[in-house]
Amino acid sequence: MVKGSALEVRAAEHLRNNGALVHRTHNSPPHNIGGRWVSPHDNDLFGAFDLLAIWPDHLGRLIQVTTLSNVAARRKKVDEKIPFDPGNIFVEVWAWTRKGRKGCFRVWRRMQVGTWTELESANT
């Protein structure tokens with residue numbers, strides 16, 4: 001099973017192939033301070049998103065990438081962190097699933113806080 005940053009890389013590559021300018025957050029690697037290992041720090045955008053994608057027509061997407069089994073938890077997290085409609089920016093959760101040779105992302109878009117709609121799958 002592919003997890004974490006590998007999923008983010010696949011999603012970012014798919015967005016770039018469709019004309020988007022993509023910013024991908026990252027987790028800091030563990031580091032040693034005074035003989036003690038310090039855990040990585042989460043660098044999500046607004047505490048909830050892994051990717052920011054924008055297109056020349058000024059449309060944007062804030063995307064949380066996850067596995068299919070974690071969709072409900074991620075949608076809840078997004079609703080808690082961003083409890084309002086951000087205007088012309090789509091709020092989405094992309095979940096990777098094994099379908100076909102390479103798999104695909106199933107995409108949910110928030111229509112309003114607490115209301116999510118599943119869109120078509122994005123093949124990778």
# chains A, B, ... in the order shown; residues from 1 in each chain; ligands from 1
$ select_by_dssp --residues "stretch 48-88 of chain A" --states "alpha helix (DSSP H)" --output "ChimeraX atom specification"
/A:71-81
$ select_by_dssp --residues "chain A" --states "strand (DSSP E)" --output "number ranges by chain"
A: 21-24, 31-33, 36-38, 51-54, 60-67, 89-97, 104-112, 115-118, 122-123
$ closest_residue --among "A:His14, A:Arg110, A:Lys102, A:His23" --to "A:Ile54" --atoms "only C-alpha atoms"
A:His23
$ atom_distance --atom1 "atom CA of A:Val65" --atom2 "atom CA of A:Asn32"
28.5 Å
$ atom_distance --atom1 "atom CA of A:Gly47" --atom2 "atom CA of A:Gln64"
10.2 Å
$ residues_around --residues "stretch 72-89 of chain A" --least-positions-apart "5" --cutoff "10 Å" --atoms "only C-alpha atoms" --output "PyMOL selection string"
chain A and resi 46-49+52-54+58-67+94-95+108-116
$ write_last_selection --atoms "C-alpha atoms" --output "mmCIF file, in the first residue's frame"
data_model
loop_
_atom_site.group_PDB
_atom_site.id
_atom_site.type_symbol
_atom_site.label_atom_id
_atom_site.label_comp_id
_atom_site.auth_asym_id
_atom_site.auth_seq_id
_atom_site.Cartn_x
_atom_site.Cartn_y
_atom_site.Cartn_z
ATOM 1 C CA PHE A 46 -3.952 25.910 7.693
ATOM 2 C CA GLY A 47 -3.462 22.735 9.731
ATOM 3 C CA ALA A 48 -5.519 20.651 7.309
ATOM 4 C CA PHE A 49 -4.211 20.581 3.721
ATOM 5 C CA LEU A 52 -2.547 24.035 -2.840
ATOM 6 C CA ALA A 53 -3.289 24.042 -6.572
ATOM 7 C CA ILE A 54 -4.051 27.125 -8.665
ATOM 8 C CA HIS A 58 -7.775 32.062 -10.751
ATOM 9 C CA LEU A 59 -9.543 28.947 -9.531
ATOM 10 C CA GLY A 60 -7.822 27.171 -6.677
ATOM 11 C CA ARG A 61 -8.047 23.994 -4.643
ATOM 12 C CA LEU A 62 -7.000 23.180 -1.109
ATOM 13 C CA ILE A 63 -6.492 19.415 -1.016
ATOM 14 C CA GLN A 64 -6.073 16.928 1.822
ATOM 15 C CA VAL A 65 -4.589 13.657 0.529
ATOM 16 C CA THR A 66 -5.299 10.438 2.409
ATOM 17 C CA THR A 67 -6.090 6.752 2.055
ATOM 18 C CA TRP A 94 -8.461 13.043 -2.311
ATOM 19 C CA ALA A 95 -8.286 9.368 -1.325
ATOM 20 C CA TRP A 108 -14.745 14.604 -2.394
ATOM 21 C CA ARG A 109 -15.471 18.342 -2.632
ATOM 22 C CA ARG A 110 -17.001 20.333 0.190
ATOM 23 C CA MET A 111 -20.082 22.173 -1.026
ATOM 24 C CA GLN A 112 -20.636 23.871 2.336
ATOM 25 C CA VAL A 113 -19.333 23.095 5.810
ATOM 26 C CA GLY A 114 -20.438 19.565 6.697
ATOM 27 C CA THR A 115 -21.745 18.739 3.209
ATOM 28 C CA TRP A 116 -19.440 16.749 0.938
#
